[in-house]
Amino acid sequence: MKSALFVDFDNVYSGLRRLDQETADQFARNPTIWMNWLIKSLEMPEPVAPGAKRRVLVRRCYLNPQAYQRFRPSFNLAGFEIIDCPALTSEGKTSTDINMVLDIVDLLQHETRYDEFIVFSADADFTPVLRKLRRWDRRTTVLAIGFPSAAYRASADLLIDQDDFVRNALSFDETAAPPPVQPQPAGPSAAECGPLALQLIQQAVREAATPVSLAKIASLLLSRIEGLDASSWAGFGSFRALIEALDLRPLVVSWESGGTIHDPRRHAFPASQSHGNGNGKAGKLVDTVIEAIRSEVTKAGQPVPCGRLATVLIGLDGSLAADWAGKGTFRKFVESLDTKPIEFNWSGSGGVAYDPTRSTANSAPPSQTAADWADKNLYKIARQIHELTDVPLLTPDKYRNLIAMISRDVAETPFHLMETGKRVRDRCKESGLPVSRADVNHVLRGLSMRGHTFDEGPNDAATLAKKLANNVRSLCLREQFVLDEQADRAILEWIGCE
């Protein structure tokens, strides 16, 4: 897939800086790292031809040299063409948006047909150009830091999850982040899992006379590391991400033909094998997996945790553990399957699979039904706001508990977006009111985007709740949601300000 990348540096950097200065600097000083993630790991917008790979033929960074000149060398080294966009007004307004639009339209009519246009910006002004690209049958991929508008999100074929981007594309220096000081959660953390995995892999390769399949390695780690599950891989997101995060030298990893790991000093490199019947085998695997998912949910009679489901699927075919059939993560893999009537809900910790045609409301996703809401009128307003703005549809009790856990955590440990998110998620789970990490991060981003600085405070629950409610109001107004007295009172009651 021939791609063209357009980076609104000022927009992305300033958005990341509101969340975490260290993360923003990682983005600005190491573009080569996240470019490798974009090319090798980021999924491609559908439809994608079998075996297609992303080739970023155009890399352009639009940057204000008066403010960010110090980052120019990093982007030069990453192969970017840098377009200077100095401030043109006393308010600091630059010409980035018009320059990007003109360049996108120019490439749209270029003799080289670019299949995918990648835009790094949360500026909703790019909505019309995204729609134009869709009319011309081009794929669009967007990274928007913060809270992009509903129209902007809907105009993109693929919206890069900003938490995934921070966690995976910018995670190369995560070892420098302060380690969690919470009581141990049910599963191992990334910091705990890494050394254990490294030791087990080295031992397995040392004892093997031939290269070891990655499927066997995955099964070994799942069986020997207590609490490790195949849906989250201790926070790494995928088995491949875990392997690539380890310093395995001098061992060599190959992801071809199902994947192997070998010691070049002792093992011969495995020859490539023919895949003449690969499509037939892949088709049978998909059918087997779909049938297994349906069978597990039917047999359970209630929502099945995705961690357990992932382990079952790997038991059917160990090669899935390597890279989930090329999808990278368990979630992306199952979402690519037609598992109807089985559906997935990712709002809870780890996610669950359930059958809405056979289950009562108690078996459906808690955040998507009114069952847990005492005030049904409040639920209706909250659900409407959620559908317009993507604000997490948590019950008032969960919001109050979540805000209390954030307040308690930052009082004990310095704030760090990713680490704080992990600890708060674990605190909520232990309290009996679990909240997904994605929802925790959404709340933390909302507070940061409203200008709250956790290092300076105040961080009491009442202050955080008021600022979070203000963020919800702001998002509603942006989406032209009428905030009358009833809606405003509902927001305060929902978030826990009353």
# chains A, B, ... in the order shown; residues from 1 in each chain; ligands from 1
$ select_by_dssp --residues "stretch 251-485 of chain A" --states "helix (DSSP H, G or I)" --output "MDAnalysis selection string"
chainID A and resid 256:258 278:300 306:316 320:323 330:335 366:368 376:389 396:412 417:431 437:449 461:478 485
$ residues_around --residues "A:Pro148" --least-positions-apart "6" --cutoff "8 Å" --atoms "only C-alpha atoms" --output "PyMOL selection string"
chain A and resi 122-124
$ closest_residue --among "A:Glu192, A:Glu296, A:Ser3, A:Ala87" --to "A:Leu108" --atoms "only C-alpha atoms"
A:Ser3
$ residues_around --residues "A:Asp409" --least-positions-apart "3" --cutoff "8 Å" --atoms "only C-alpha atoms" --output "list in words"
Met405, Ile406, Glu412, Thr413, Thr420, Arg423 and Val424 of chain A
$ write_last_selection --atoms "N, CA, C and O atoms" --output "PDB file, in the first residue's frame"
ATOM      1  N   MET A 405     -10.157   7.146  43.311  1.00  0.00           N
ATOM      2  CA  MET A 405      -8.935   6.361  43.142  1.00  0.00           C
ATOM      3  C   MET A 405      -7.831   7.185  42.475  1.00  0.00           C
ATOM      4  O   MET A 405      -6.655   7.055  42.817  1.00  0.00           O
ATOM      5  N   ILE A 406      -8.204   8.051  41.537  1.00  0.00           N
ATOM      6  CA  ILE A 406      -7.215   8.940  40.926  1.00  0.00           C
ATOM      7  C   ILE A 406      -6.646   9.878  41.978  1.00  0.00           C
ATOM      8  O   ILE A 406      -5.427  10.069  42.075  1.00  0.00           O
ATOM      9  N   GLU A 412      -0.197   9.655  46.497  1.00  0.00           N
ATOM     10  CA  GLU A 412       0.841   8.732  46.963  1.00  0.00           C
ATOM     11  C   GLU A 412       2.018   8.619  46.005  1.00  0.00           C
ATOM     12  O   GLU A 412       3.136   8.344  46.433  1.00  0.00           O
ATOM     13  N   THR A 413       1.765   8.811  44.692  1.00  0.00           N
ATOM     14  CA  THR A 413       2.785   8.565  43.668  1.00  0.00           C
ATOM     15  C   THR A 413       2.743   9.684  42.636  1.00  0.00           C
ATOM     16  O   THR A 413       1.652  10.107  42.234  1.00  0.00           O
ATOM     17  N   THR A 420       0.128   5.838  35.900  1.00  0.00           N
ATOM     18  CA  THR A 420      -1.020   6.183  36.732  1.00  0.00           C
ATOM     19  C   THR A 420      -2.266   5.460  36.234  1.00  0.00           C
ATOM     20  O   THR A 420      -3.068   4.956  37.030  1.00  0.00           O
ATOM     21  N   ARG A 423      -2.180   1.844  37.477  1.00  0.00           N
ATOM     22  CA  ARG A 423      -2.435   1.695  38.912  1.00  0.00           C
ATOM     23  C   ARG A 423      -3.894   1.982  39.253  1.00  0.00           C
ATOM     24  O   ARG A 423      -4.502   1.277  40.067  1.00  0.00           O
ATOM     25  N   VAL A 424      -4.452   3.029  38.648  1.00  0.00           N
ATOM     26  CA  VAL A 424      -5.844   3.382  38.944  1.00  0.00           C
ATOM     27  C   VAL A 424      -6.788   2.271  38.473  1.00  0.00           C
ATOM     28  O   VAL A 424      -7.750   1.921  39.158  1.00  0.00           O
TER      29      VAL A 424
END
$ residues_around --residues "A:Gln480" --least-positions-apart "3" --cutoff "12 Å" --atoms "only C-alpha atoms" --output "mmCIF file with C-alpha atoms, in the first residue's frame"
data_model
loop_
_atom_site.group_PDB
_atom_site.id
_atom_site.type_symbol
_atom_site.label_atom_id
_atom_site.label_comp_id
_atom_site.auth_asym_id
_atom_site.auth_seq_id
_atom_site.Cartn_x
_atom_site.Cartn_y
_atom_site.Cartn_z
ATOM 1 C CA SER A 149 -14.934 15.709 16.959
ATOM 2 C CA ALA A 150 -17.473 13.063 15.986
ATOM 3 C CA ALA A 151 -17.505 14.290 12.366
ATOM 4 C CA ILE A 385 -23.702 12.266 25.534
ATOM 5 C CA LEU A 388 -21.960 12.018 20.644
ATOM 6 C CA THR A 389 -18.689 12.625 22.471
ATOM 7 C CA ARG A 473 -19.666 20.225 28.955
ATOM 8 C CA SER A 474 -17.002 21.432 26.529
ATOM 9 C CA LEU A 475 -17.258 18.275 24.420
ATOM 10 C CA CYS A 476 -21.065 18.553 24.345
ATOM 11 C CA LEU A 477 -20.936 22.159 23.147
ATOM 12 C CA LEU A 483 -27.007 22.064 27.350
ATOM 13 C CA ASP A 484 -30.213 23.170 29.032
#
$ residues_around --residues "A:Thr453" --least-positions-apart "4" --cutoff "12 Å" --atoms "only C-alpha atoms" --output "PyMOL selection string"
chain A and resi 17-21+410+414-417+444-449+457-459+463-464+467
$ residues_around --residues "A:Arg70" --least-positions-apart "6" --cutoff "12 Å" --atoms "only C-alpha atoms" --output "list in words"
Asp25, Ala28, Arg29, Leu63, Asn64 and Asn76 of chain A
$ select_by_dssp --residues "stretch 281-484 of chain A" --states "strand (DSSP E)" --output "ChimeraX atom specification"
/A:304-305,343-345,352-354
$ closest_residue --among "A:Thr112, A:Gln26, A:Asn36, A:Thr140" --to "A:Leu57" --atoms "only C-alpha atoms"
A:Thr112
$ residues_around --residues "A:Val212" --least-positions-apart "3" --cutoff "9 Å" --atoms "only C-alpha atoms" --output "list in words"
Ala204, Val205, Ala208, Ala209, Ala215, Lys216, Ile217, Gly259, Thr260, Ile261 and His262 of chain A
$ closest_atom_pairs --of "stretch 8-75 of chain A" --to "stretch 236-258 of chain A" --cutoff "12 Å" --atoms "only C-alpha atoms" --output "CSV"
residue,atom,partner,partner_atom,distance
A:Trp37,CA,A:Ala241,CA,10.3
A:Lys40,CA,A:Ala241,CA,11.3
A:Ser41,CA,A:Ala241,CA,9.1
A:Leu42,CA,A:Ala241,CA,11.8
$ atom_distance --atom1 "atom CA of A:Met44" --atom2 "atom CA of A:Ala310"
22.9 Å
$ closest_residue --among "A:Ala325, A:Leu107, A:Leu198, A:Ala24" --to "A:Lys2" --atoms "only C-alpha atoms"
A:Leu107
$ closest_residue --among "A:Leu313, A:Ala67, A:Ala353, A:Leu77" --to "A:Thr298" --atoms "only C-alpha atoms"
A:Ala353
$ closest_residue --among "A:His267, A:Arg153, A:Lys132, A:Lys340" --to "A:Ile293" --atoms "only C-alpha atoms"
A:Lys340
$ closest_residue --among "A:Val435, A:Cys193, A:Ala300, A:Cys306" --to "A:Leu222" --atoms "only C-alpha atoms"
A:Cys193
